[in-house]
$ cat work_12.cif   # mmCIF, C-alpha atoms and all ligand atoms
data_structure
loop_
_atom_site.label_atom_id
_atom_site.label_comp_id
_atom_site.auth_asym_id
_atom_site.auth_seq_id
_atom_site.Cartn_x
_atom_site.Cartn_y
_atom_site.Cartn_z
CA MET E 1 87.77 59.11 4.78
CA GLN E 2 86.54 58.62 8.36
CA SER E 3 87.83 55.15 9.36
CA SER E 4 85.08 54.31 11.83
CA LEU E 5 81.41 55.04 11.24
CA THR E 6 78.54 54.25 13.60
CA PHE E 7 74.97 54.53 12.32
CA LEU E 8 71.52 54.10 13.73
CA GLY E 9 69.23 52.24 11.30
CA ILE E 10 65.43 52.44 11.22
CA GLU E 11 63.17 49.98 9.34
CA SER E 12 59.37 50.06 9.05
CA SER E 13 58.48 49.19 5.45
CA CYS E 14 56.33 46.13 6.16
CA ASP E 15 55.29 44.43 9.39
CA ASP E 16 58.48 44.66 11.44
CA SER E 17 59.35 47.78 13.47
CA ALA E 18 63.11 47.72 13.80
CA ALA E 19 66.08 49.79 14.94
CA ALA E 20 69.75 48.86 15.10
CA VAL E 21 73.20 50.30 15.63
CA VAL E 22 76.01 49.20 13.31
CA ARG E 23 79.66 50.22 13.38
CA VAL E 24 81.98 49.79 10.42
CA GLU E 25 85.72 50.05 11.10
CA LYS E 26 87.77 47.48 9.27
CA HIS E 27 84.86 45.08 9.59
CA ALA E 28 81.19 45.66 10.23
CA GLU E 29 79.85 45.01 13.71
CA ILE E 30 76.22 44.90 14.76
CA LEU E 31 76.15 46.63 18.16
CA SER E 32 72.41 46.08 18.59
CA SER E 33 69.44 44.94 16.51
CA VAL E 34 65.88 45.27 17.79
CA VAL E 35 63.00 43.83 15.75
CA GLU E 36 59.39 44.01 16.93
CA GLY E 37 57.19 41.90 14.67
CA GLN E 38 53.46 42.41 14.23
CA VAL E 39 52.27 38.90 13.29
CA ASN E 40 49.71 38.85 16.14
CA LEU E 41 48.21 42.20 15.06
CA HIS E 42 47.45 40.96 11.55
CA ALA E 43 46.73 37.26 12.21
CA ALA E 44 42.95 37.61 12.19
CA PHE E 45 43.00 39.28 8.75
CA GLY E 46 45.04 36.69 6.84
CA GLY E 47 47.59 39.26 5.69
CA VAL E 48 49.23 42.54 6.63
CA VAL E 49 46.70 45.39 7.03
CA PRO E 50 48.56 48.58 5.98
CA GLU E 51 46.71 50.94 8.35
CA ILE E 52 47.26 48.69 11.37
CA ALA E 53 50.93 48.28 10.42
CA ALA E 54 51.42 52.06 10.05
CA ARG E 55 49.84 52.82 13.42
CA ALA E 56 51.92 50.14 15.14
CA HIS E 57 55.13 51.51 13.59
CA ALA E 58 54.24 55.06 14.69
CA GLU E 59 53.61 53.84 18.25
CA ARG E 60 56.62 51.50 18.54
CA LEU E 61 59.50 52.93 16.55
CA ASP E 62 60.77 55.40 19.17
CA GLY E 63 60.82 52.58 21.72
CA CYS E 64 62.83 50.44 19.28
CA VAL E 65 65.35 53.28 18.80
CA GLU E 66 65.71 53.77 22.57
CA ARG E 67 66.27 50.04 23.07
CA ALA E 68 68.76 49.82 20.20
CA LEU E 69 70.82 52.67 21.63
CA ALA E 70 70.62 51.27 25.17
CA GLU E 71 71.65 47.77 24.03
CA ALA E 72 74.57 49.26 22.10
CA GLY E 73 75.48 51.31 25.18
CA LEU E 74 75.55 54.49 23.10
CA GLY E 75 73.84 57.87 22.95
CA PHE E 76 73.10 60.07 19.94
CA GLY E 77 76.40 61.84 20.55
CA ASP E 78 78.26 58.61 19.70
CA LEU E 79 76.62 58.28 16.29
CA ASP E 80 77.87 59.51 12.92
CA GLY E 81 74.51 59.31 11.16
CA ILE E 82 71.01 57.94 10.84
CA ALA E 83 69.89 55.60 8.05
CA VAL E 84 66.22 55.01 7.35
CA THR E 85 64.25 52.86 4.92
CA ALA E 86 62.65 55.34 2.49
CA GLY E 87 60.94 52.63 0.38
CA PRO E 88 59.75 50.46 -1.23
CA GLY E 89 56.99 49.24 1.05
CA LEU E 90 53.67 50.03 2.65
CA ILE E 91 53.62 53.80 2.50
CA GLY E 92 52.19 54.49 5.98
CA GLY E 93 54.92 52.44 7.59
CA VAL E 94 57.69 53.96 5.48
CA LEU E 95 56.40 57.44 6.39
CA SER E 96 56.50 56.60 10.11
CA GLY E 97 60.19 55.73 9.85
CA VAL E 98 61.14 58.62 7.60
CA MET E 99 59.34 61.18 9.79
CA LEU E 100 61.08 59.81 12.88
CA ALA E 101 64.49 59.94 11.16
CA LYS E 102 63.88 63.52 10.01
CA GLY E 103 62.93 64.53 13.54
CA LEU E 104 65.98 62.85 15.05
CA ALA E 105 68.29 64.33 12.44
CA ALA E 106 66.87 67.82 13.01
CA GLY E 107 67.11 67.44 16.79
CA THR E 108 70.63 66.00 16.91
CA GLY E 109 72.24 67.61 13.86
CA LEU E 110 73.28 64.16 12.61
CA PRO E 111 73.36 63.50 8.87
CA MET E 112 70.54 61.33 7.50
CA VAL E 113 70.67 58.83 4.63
CA GLY E 114 67.56 57.34 2.98
CA VAL E 115 68.01 53.67 2.09
CA ASN E 116 66.23 51.39 -0.36
CA HIS E 117 64.94 48.43 1.67
CA LEU E 118 65.94 46.00 -1.10
CA ALA E 119 69.47 47.43 -1.09
CA GLY E 120 69.55 46.61 2.62
CA HIS E 121 68.82 42.95 1.83
CA ALA E 122 71.15 42.91 -1.16
CA LEU E 123 74.13 44.33 0.77
CA THR E 124 73.71 41.99 3.76
CA PRO E 125 76.41 39.51 2.60
CA ARG E 126 78.88 42.40 2.92
CA LEU E 127 77.66 43.11 6.46
CA THR E 128 77.93 39.45 7.51
CA ASP E 129 80.87 38.18 5.44
CA GLY E 130 82.60 41.24 4.01
CA LEU E 131 81.81 39.93 0.51
CA GLU E 132 83.52 41.96 -2.23
CA PHE E 133 81.60 43.36 -5.22
CA PRO E 134 80.36 42.04 -7.57
CA TYR E 135 78.16 39.07 -6.64
CA LEU E 136 74.88 37.52 -7.67
CA MET E 137 72.00 37.79 -5.22
CA LEU E 138 68.65 36.01 -5.01
CA LEU E 139 66.22 37.91 -2.82
CA VAL E 140 63.42 35.51 -1.96
CA SER E 141 60.81 36.33 0.68
CA GLY E 142 57.11 36.92 1.22
CA GLY E 143 57.24 40.16 -0.75
CA HIS E 144 60.28 39.92 -3.00
CA CYS E 145 61.73 37.58 -5.57
CA GLN E 146 64.47 38.81 -7.84
CA PHE E 147 67.96 38.07 -9.13
CA LEU E 148 70.32 41.02 -8.76
CA ILE E 149 73.87 41.49 -9.89
CA VAL E 150 75.24 43.64 -7.08
CA GLU E 151 78.06 45.82 -8.42
CA GLY E 152 78.28 48.56 -5.80
CA PRO E 153 76.36 50.08 -2.86
CA ASP E 154 73.99 51.74 -5.31
CA GLN E 155 74.61 49.70 -8.44
CA PHE E 156 72.22 46.83 -8.99
CA ARG E 157 71.28 45.04 -12.17
CA ARG E 158 68.04 43.03 -12.01
CA ILE E 159 68.23 40.11 -14.39
CA GLY E 160 64.94 38.42 -13.49
CA GLY E 161 62.21 38.08 -10.91
CA THR E 162 58.68 36.92 -10.27
CA ILE E 163 55.96 38.19 -12.54
CA ASP E 164 53.28 37.52 -9.92
CA ASP E 165 53.54 36.07 -6.39
CA ALA E 166 56.73 35.88 -4.38
CA PRO E 167 57.59 32.33 -3.25
CA GLY E 168 56.96 33.07 0.45
CA GLU E 169 53.53 34.37 -0.50
CA ALA E 170 52.89 31.13 -2.42
CA PHE E 171 53.92 29.11 0.67
CA ASP E 172 51.59 31.21 2.83
CA LYS E 173 48.64 30.89 0.44
CA SER E 174 49.21 27.15 0.04
CA ALA E 175 49.26 26.69 3.81
CA LYS E 176 45.96 28.52 3.99
CA LEU E 177 44.45 26.23 1.31
CA LEU E 178 45.45 23.21 3.40
CA GLY E 179 44.17 24.67 6.68
CA LEU E 180 47.68 25.11 8.07
CA ALA E 181 48.89 27.98 10.29
CA GLN E 182 50.56 31.22 9.16
CA PRO E 183 53.24 32.10 8.24
CA GLY E 184 52.96 29.12 5.94
CA GLY E 185 56.60 28.58 4.96
CA PRO E 186 57.92 26.85 8.08
CA VAL E 187 54.69 24.84 8.53
CA VAL E 188 54.64 23.62 4.93
CA GLU E 189 58.31 22.70 5.22
CA ALA E 190 57.65 20.67 8.37
CA GLU E 191 54.75 18.82 6.72
CA ALA E 192 56.77 18.27 3.54
CA ARG E 193 59.51 16.57 5.55
CA LEU E 194 57.06 13.72 6.23
CA GLY E 195 55.62 13.65 2.71
CA ASP E 196 56.36 12.07 -0.66
CA PRO E 197 57.43 14.76 -3.18
CA GLY E 198 56.76 12.33 -6.07
CA ARG E 199 53.05 11.67 -5.43
CA PHE E 200 51.78 15.01 -6.76
CA VAL E 201 53.89 16.51 -9.50
CA PHE E 202 53.03 20.20 -9.79
CA PRO E 203 53.89 22.43 -12.75
CA ARG E 204 57.25 24.19 -12.99
CA PRO E 205 56.02 27.54 -14.39
CA LEU E 206 58.09 29.44 -16.96
CA LEU E 207 60.83 26.78 -17.15
CA ASP E 208 59.93 26.41 -20.81
CA ARG E 209 60.72 30.08 -21.40
CA PRO E 210 64.24 31.45 -21.62
CA GLY E 211 65.51 33.88 -19.01
CA CYS E 212 65.30 34.21 -15.25
CA ASP E 213 61.72 35.42 -14.76
CA MET E 214 59.53 33.28 -12.52
CA SER E 215 55.86 32.74 -11.73
CA PHE E 216 54.44 31.14 -8.60
CA SER E 217 50.73 32.00 -8.58
CA GLY E 218 49.77 29.03 -10.83
CA LEU E 219 51.37 26.62 -8.39
CA LYS E 220 48.91 27.35 -5.64
CA THR E 221 46.04 26.95 -8.14
CA ALA E 222 47.44 23.51 -9.04
CA LEU E 223 47.58 22.69 -5.34
CA LEU E 224 43.98 23.85 -4.94
CA ARG E 225 42.87 21.57 -7.79
CA ALA E 226 44.71 18.58 -6.35
CA ARG E 227 43.16 19.27 -2.95
CA ASP E 228 39.65 19.56 -4.39
CA ALA E 229 40.06 16.36 -6.41
CA LEU E 230 41.01 14.48 -3.25
CA VAL E 231 38.11 15.98 -1.31
CA ALA E 232 35.68 15.06 -4.12
CA ALA E 233 37.02 11.50 -4.35
CA GLN E 234 37.34 10.63 -0.67
CA GLY E 235 35.43 13.30 1.22
CA GLY E 236 38.46 14.99 2.78
CA LEU E 237 42.23 14.99 3.19
CA THR E 238 44.18 12.45 5.21
CA VAL E 239 47.19 13.58 7.22
CA GLN E 240 49.41 11.88 4.65
CA ASP E 241 47.61 13.61 1.73
CA ARG E 242 48.44 16.96 3.29
CA ARG E 243 52.08 16.02 3.79
CA ASP E 244 52.38 14.76 0.21
CA LEU E 245 50.74 17.92 -1.17
CA CYS E 246 53.20 20.06 0.82
CA ALA E 247 56.15 17.97 -0.37
CA GLY E 248 55.05 18.20 -4.01
CA PHE E 249 54.51 21.95 -3.75
CA GLN E 250 57.87 22.58 -2.09
CA ALA E 251 59.66 20.38 -4.63
CA ALA E 252 58.16 22.47 -7.46
CA VAL E 253 59.25 25.79 -5.87
CA ALA E 254 62.75 24.41 -5.23
CA ALA E 255 63.04 23.09 -8.81
CA VAL E 256 62.02 26.45 -10.31
CA LEU E 257 64.39 28.42 -8.07
CA GLN E 258 67.20 25.97 -8.80
CA GLU E 259 66.84 26.07 -12.58
CA LYS E 260 66.40 29.86 -12.67
CA THR E 261 69.46 30.23 -10.42
CA ARG E 262 71.43 28.08 -12.86
CA ARG E 263 70.48 30.48 -15.67
CA ALA E 264 71.13 33.58 -13.58
CA LEU E 265 74.57 32.22 -12.67
CA ALA E 266 75.38 31.65 -16.33
CA ILE E 267 74.51 35.30 -17.10
CA TYR E 268 76.40 36.54 -14.05
CA LEU E 269 79.52 34.42 -14.59
CA ALA E 270 79.75 35.54 -18.21
CA ALA E 271 79.95 39.13 -16.92
CA ALA E 272 82.09 38.50 -13.82
CA PRO E 273 84.05 35.24 -14.20
CA ASP E 274 86.59 36.32 -11.58
CA HIS E 275 84.02 36.75 -8.79
CA PRO E 276 82.15 33.47 -8.47
CA ALA E 277 79.87 34.31 -5.53
CA PHE E 278 76.15 33.84 -4.98
CA ALA E 279 74.15 34.96 -1.96
CA VAL E 280 70.55 34.32 -0.98
CA ALA E 281 68.45 36.41 1.43
CA GLY E 282 64.83 36.65 2.55
CA GLY E 283 62.63 34.46 4.73
CA VAL E 284 62.35 31.66 2.15
CA ALA E 285 66.14 31.19 2.41
CA ALA E 286 65.31 29.46 5.72
CA ASN E 287 63.88 26.50 3.77
CA GLY E 288 66.30 23.59 3.92
CA THR E 289 65.21 21.96 0.66
CA ILE E 290 65.43 25.25 -1.26
CA ARG E 291 68.74 26.18 0.33
CA ALA E 292 70.18 22.76 -0.57
CA ALA E 293 68.89 23.07 -4.16
CA LEU E 294 70.61 26.45 -4.54
CA GLU E 295 73.80 25.25 -2.90
CA THR E 296 73.94 22.28 -5.29
CA VAL E 297 73.86 24.58 -8.33
CA CYS E 298 76.58 26.76 -6.85
CA ASP E 299 78.75 23.73 -6.08
CA SER E 300 78.38 22.45 -9.64
CA HIS E 301 79.58 25.83 -10.96
CA ALA E 302 82.36 26.17 -8.32
CA VAL E 303 80.61 29.27 -7.03
CA ARG E 304 80.83 30.37 -3.38
CA PHE E 305 77.41 30.08 -1.69
CA LEU E 306 76.46 32.50 1.07
CA ALA E 307 73.29 32.52 3.15
CA PRO E 308 73.28 35.06 5.98
CA PRO E 309 71.86 33.90 9.33
CA LEU E 310 68.09 33.95 9.29
CA ARG E 311 67.69 36.96 11.62
CA LEU E 312 69.63 38.97 9.00
CA CYS E 313 67.88 37.35 6.01
CA THR E 314 64.50 38.58 7.23
CA ASP E 315 63.56 42.22 7.76
CA ASN E 316 65.80 44.04 10.24
CA ALA E 317 67.37 47.46 10.75
CA ALA E 318 71.01 46.36 10.92
CA MET E 319 70.98 45.91 7.15
CA ILE E 320 69.55 49.44 6.80
CA ALA E 321 72.21 50.97 9.07
CA PHE E 322 74.91 49.13 7.11
CA ALA E 323 73.51 50.14 3.70
CA GLY E 324 73.29 53.72 5.02
CA ILE E 325 76.99 53.65 5.92
CA GLU E 326 77.84 52.31 2.45
CA ARG E 327 75.85 55.11 0.82
CA PHE E 328 77.26 57.73 3.19
CA ARG E 329 80.79 56.66 2.20
CA LEU E 330 79.82 57.34 -1.42
CA GLY E 331 78.79 60.86 -0.39
CA HIS E 332 75.02 60.40 -0.20
CA ARG E 333 73.18 62.70 2.22
CA ASP E 334 69.46 63.40 2.50
CA ASP E 335 67.60 66.26 4.12
CA ALA E 336 64.09 67.20 5.18
CA THR E 337 62.93 66.81 1.57
CA LEU E 338 63.58 63.02 1.62
CA SER E 339 60.46 61.39 0.24
CA SER E 340 58.89 58.05 1.13
CA ARG E 341 58.42 55.79 -1.89
CA PRO E 342 55.91 52.94 -2.08
CA ARG E 343 57.69 51.70 -5.21
CA TRP E 344 61.41 52.04 -5.69
CA PRO E 345 63.01 49.53 -8.04
CA LEU E 346 66.69 48.94 -7.32
CA ASP E 347 67.38 48.83 -11.00
CA GLU E 348 65.45 51.73 -12.53
CA THR E 349 66.33 50.53 -16.03
CA ALA E 350 64.78 47.06 -15.63
CA ALA E 351 61.22 46.42 -16.82
CA ALA E 352 58.62 47.19 -14.14
CA MET E 353 57.35 44.18 -12.20
CA ILE E 354 53.69 43.38 -12.15
CA GLY E 355 51.64 42.07 -9.28
CA SER E 356 51.00 43.29 -5.79
CA GLY E 357 51.40 40.84 -2.97
CA LYS E 358 49.94 40.66 0.50
CA LYS E 359 52.93 42.53 1.83
CA GLY E 360 52.45 45.47 -0.50
CA PRO E 361 53.70 46.32 -3.95
CA LYS E 362 56.61 44.34 -5.25
CA ALA E 363 59.54 46.29 -6.46
O1 LIG A 1 61.85 38.06 4.65
P1 LIG A 1 60.57 37.83 5.39
O2 LIG A 1 60.62 37.69 6.90
O3 LIG A 1 59.53 38.97 5.15
C1 LIG A 1 59.28 39.54 3.93
O4 LIG A 1 58.53 38.91 3.15
O5 LIG A 1 59.81 40.65 3.68
O6 LIG A 1 59.93 36.51 4.75
C2 LIG A 1 58.74 35.96 5.24
C3 LIG A 1 58.30 34.91 4.26
C4 LIG A 1 56.94 34.33 4.59
O7 LIG A 1 56.17 34.28 3.41
C5 LIG A 1 57.26 32.94 5.12
O8 LIG A 1 56.23 31.99 4.89
C6 LIG A 1 58.51 32.59 4.34
O9 LIG A 1 59.24 33.80 4.28
N1 LIG A 1 59.27 31.55 5.04
C7 LIG A 1 59.51 30.34 4.52
C8 LIG A 1 60.19 29.60 5.53
N2 LIG A 1 60.37 30.42 6.61
C9 LIG A 1 59.79 31.61 6.29
N3 LIG A 1 59.19 29.82 3.34
C10 LIG A 1 59.55 28.54 3.11
N4 LIG A 1 60.19 27.76 4.01
C11 LIG A 1 60.53 28.26 5.23
N5 LIG A 1 61.15 27.48 6.13
ZN ZN A 2 62.35 42.67 3.21
#

$ encode --input "work_12.cif" --output "structure tokens" --more "lines below"
Ligand code: KG4
Ligand code: ZN
Amino acid sequence: MQSSLTFLGIESSCDDSAAAVVRVEKHAEILSSVVEGQVNLHAAFGGVVPEIAARAHAERLDGCVERALAEAGLGFGDLDGIAVTAGPGLIGGVLSGVMLAKGLAAGTGLPMVGVNHLAGHALTPRLTDGLEFPYLMLLVSGGHCQFLIVEGPDQFRRIGGTIDDAPGEAFDKSAKLLGLAQPGGPVVEAEARLGDPGRFVFPRPLLDRPGCDMSFSGLKTALLRARDALVAAQGGLTVQDRRDLCAGFQAAVAAVLQEKTRRALAIYLAAAPDHPAFAVAGGVAANGTIRAALETVCDSHAVRFLAPPLRLCTDNAAMIAFAGIERFRLGHRDDATLSSRPRWPLDETAAAMIGSGKKGPKA
């Protein structure tokens, strides 16, 4: 097997245009990682507009690739392959990336590997920490929420997930209900820091049901009701009301994620008692209260807790390049027939998820 592999990665499944160069020798090294976000393009619409996202990807991706190669100090001749997100995601964006990768592969003669975006997230603890298989993963962002037992570069077992909104989406919608800025997660967290989590006790959905499935859409409805009751009683919200609502909401999300993680760990540890490792990824992993809640469960089970740095928790192309290398090592190659998939569950045997969030279909 080739001991050193250097791949270009391309990511365009949602609202980040990204390209990166990753080299794996003994350890993985990120030689460059360029991410161009689109928050300003979509701000006026209150969510990602697929057509605007697709056009922006088509216009920006080649520039991202040029920058990634320049920052790595490499040319196409120094690469061993090209990895590209082939789904799941907003189809126009995925197509932009896949078409670019096909063109580059045809022009350079380099092999191309299509990567599942969720596999990119799920394999990130191996990129950052060299974590051995298997491990339990919680993917928790604006578009995803699922527990995965990661057994190999293309072996994932989904043991639970949201049946409606992803937690980041619930943070964003709640922020909107309280007149706070987007993306809502960091703003709600900042408000919650100054609030009393005990004043409003919101429901903990699905805790009364066995298993690791979750639901977050009812939480924002509860927040809406609490807000409206305050407005009806006192004519508006005080600054402290808003902080307390945020604190109560965040406490409910943290409690649900903590309890469901406890159950997921029990399932995982029964199957893999010799590999006590848990990793979290996705934008919501930035939340201090949630991170601490998850870490507490891991500590109580003597399980190693890993949370990659935020720039690698959120969407990026380094994770795609790395996942591409892992797949390439297993012998995967794609050609001009590689298709772009709006839906692509990591675990094809798990029950299909329902719901379709602001960032496109959940997988
Ligand atoms: O992983 P990400 O960048 O994009 C995808 O959804 O794929 O995650 C963004 C989501 C947003 O919904 C944002 O509000 C949420 O992560 N988020 C947070 C925090 N920082 C970002 N949620 C809660 N607390 C935070 N500190
Ligand atoms: Zn993502």

$ atom_distance --input "work_12.cif" --atom1 "CA of Ile163 in chain E" --atom2 "CA of Gln146 in chain E"
9.7 Å

$ residues_near_ligand --input "work_12.cif" --ligand "ligand LIG 1 (chain A)" --cutoff "8 Å" --atoms "only C-alpha atoms and all ligand atoms" --output "number ranges by chain"
E: 14, 140-144, 166-172, 182-190, 281-288, 290, 313-315, 359

$ closest_residue --input "work_12.cif" --among "E:Ala266, E:Leu123, E:Ile82, E:Val49" --to "Lys102 in chain E" --atoms "only C-alpha atoms"
E:Ile82

$ atom_distance --input "work_12.cif" --atom1 "CA of Gly63 in chain E" --atom2 "CA of Ala19 in chain E"
9.0 Å

$ closest_atom_pairs --input "work_12.cif" --of "range 253-360 of chain E" --to "range 111-116 of chain E" --cutoff "6 Å" --atoms "all atoms listed in the file" --output "tab-separated table"
residue	atom	partner	partner_atom	distance
E:Gly324	CA	E:Val113	CA	5.8
E:Arg333	CA	E:Val113	CA	5.2
E:Asp334	CA	E:Val113	CA	5.2

$ atom_distance --input "work_12.cif" --atom1 "CA of Val253 in chain E" --atom2 "CA of Leu131 in chain E"
27.4 Å

$ residues_around --input "work_12.cif" --residues "Ala101 in chain E" --least-positions-apart "5" --cutoff "9 Å" --atoms "only C-alpha atoms" --output "MDAnalysis selection string"
chainID E and resid 10 82:84 96 106 112

$ build_atoms --input "work_12.cif" --residues "range 224-239 of chain E" --atoms "N, CA and C atoms" --output "CSV table (one decimal), keeping the file's coordinate frame"
chain,number,residue,atom,x,y,z
E,224,LEU,N,45.4,23.8,-5.2
E,224,LEU,CA,44.0,23.8,-4.9
E,224,LEU,C,43.2,22.8,-5.7
E,225,ARG,N,43.6,22.6,-7.0
E,225,ARG,CA,42.9,21.6,-7.8
E,225,ARG,C,43.1,20.2,-7.2
E,226,ALA,N,44.4,19.9,-6.9
E,226,ALA,CA,44.7,18.6,-6.4
E,226,ALA,C,44.0,18.3,-5.0
E,227,ARG,N,43.9,19.4,-4.2
E,227,ARG,CA,43.2,19.3,-3.0
E,227,ARG,C,41.7,19.0,-3.2
E,228,ASP,N,41.1,19.7,-4.1
E,228,ASP,CA,39.6,19.6,-4.4
E,228,ASP,C,39.3,18.2,-5.0
E,229,ALA,N,40.3,17.7,-5.8
E,229,ALA,CA,40.1,16.4,-6.4
E,229,ALA,C,40.1,15.3,-5.3
E,230,LEU,N,41.0,15.5,-4.3
E,230,LEU,CA,41.0,14.5,-3.2
E,230,LEU,C,39.7,14.6,-2.4
E,231,VAL,N,39.3,15.8,-2.1
E,231,VAL,CA,38.1,16.0,-1.3
E,231,VAL,C,36.9,15.4,-2.0
E,232,ALA,N,36.8,15.6,-3.4
E,232,ALA,CA,35.7,15.1,-4.1
E,232,ALA,C,35.7,13.5,-4.1
E,233,ALA,N,36.9,12.9,-4.2
E,233,ALA,CA,37.0,11.5,-4.4
E,233,ALA,C,36.8,10.8,-3.0
E,234,GLN,N,37.3,11.4,-1.9
E,234,GLN,CA,37.3,10.6,-0.7
E,234,GLN,C,36.7,11.4,0.5
E,235,GLY,N,36.2,12.6,0.2
E,235,GLY,CA,35.4,13.3,1.2
E,235,GLY,C,36.3,14.2,2.1
E,236,GLY,N,37.6,14.2,1.9
E,236,GLY,CA,38.5,15.0,2.8
E,236,GLY,C,39.9,14.6,2.5
E,237,LEU,N,40.8,15.3,3.3
E,237,LEU,CA,42.2,15.0,3.2
E,237,LEU,C,42.7,14.2,4.4
E,238,THR,N,43.5,13.2,4.1
E,238,THR,CA,44.2,12.4,5.2
E,238,THR,C,45.4,13.3,5.6
E,239,VAL,N,46.0,12.9,6.8
E,239,VAL,CA,47.2,13.6,7.2
E,239,VAL,C,48.3,13.4,6.2
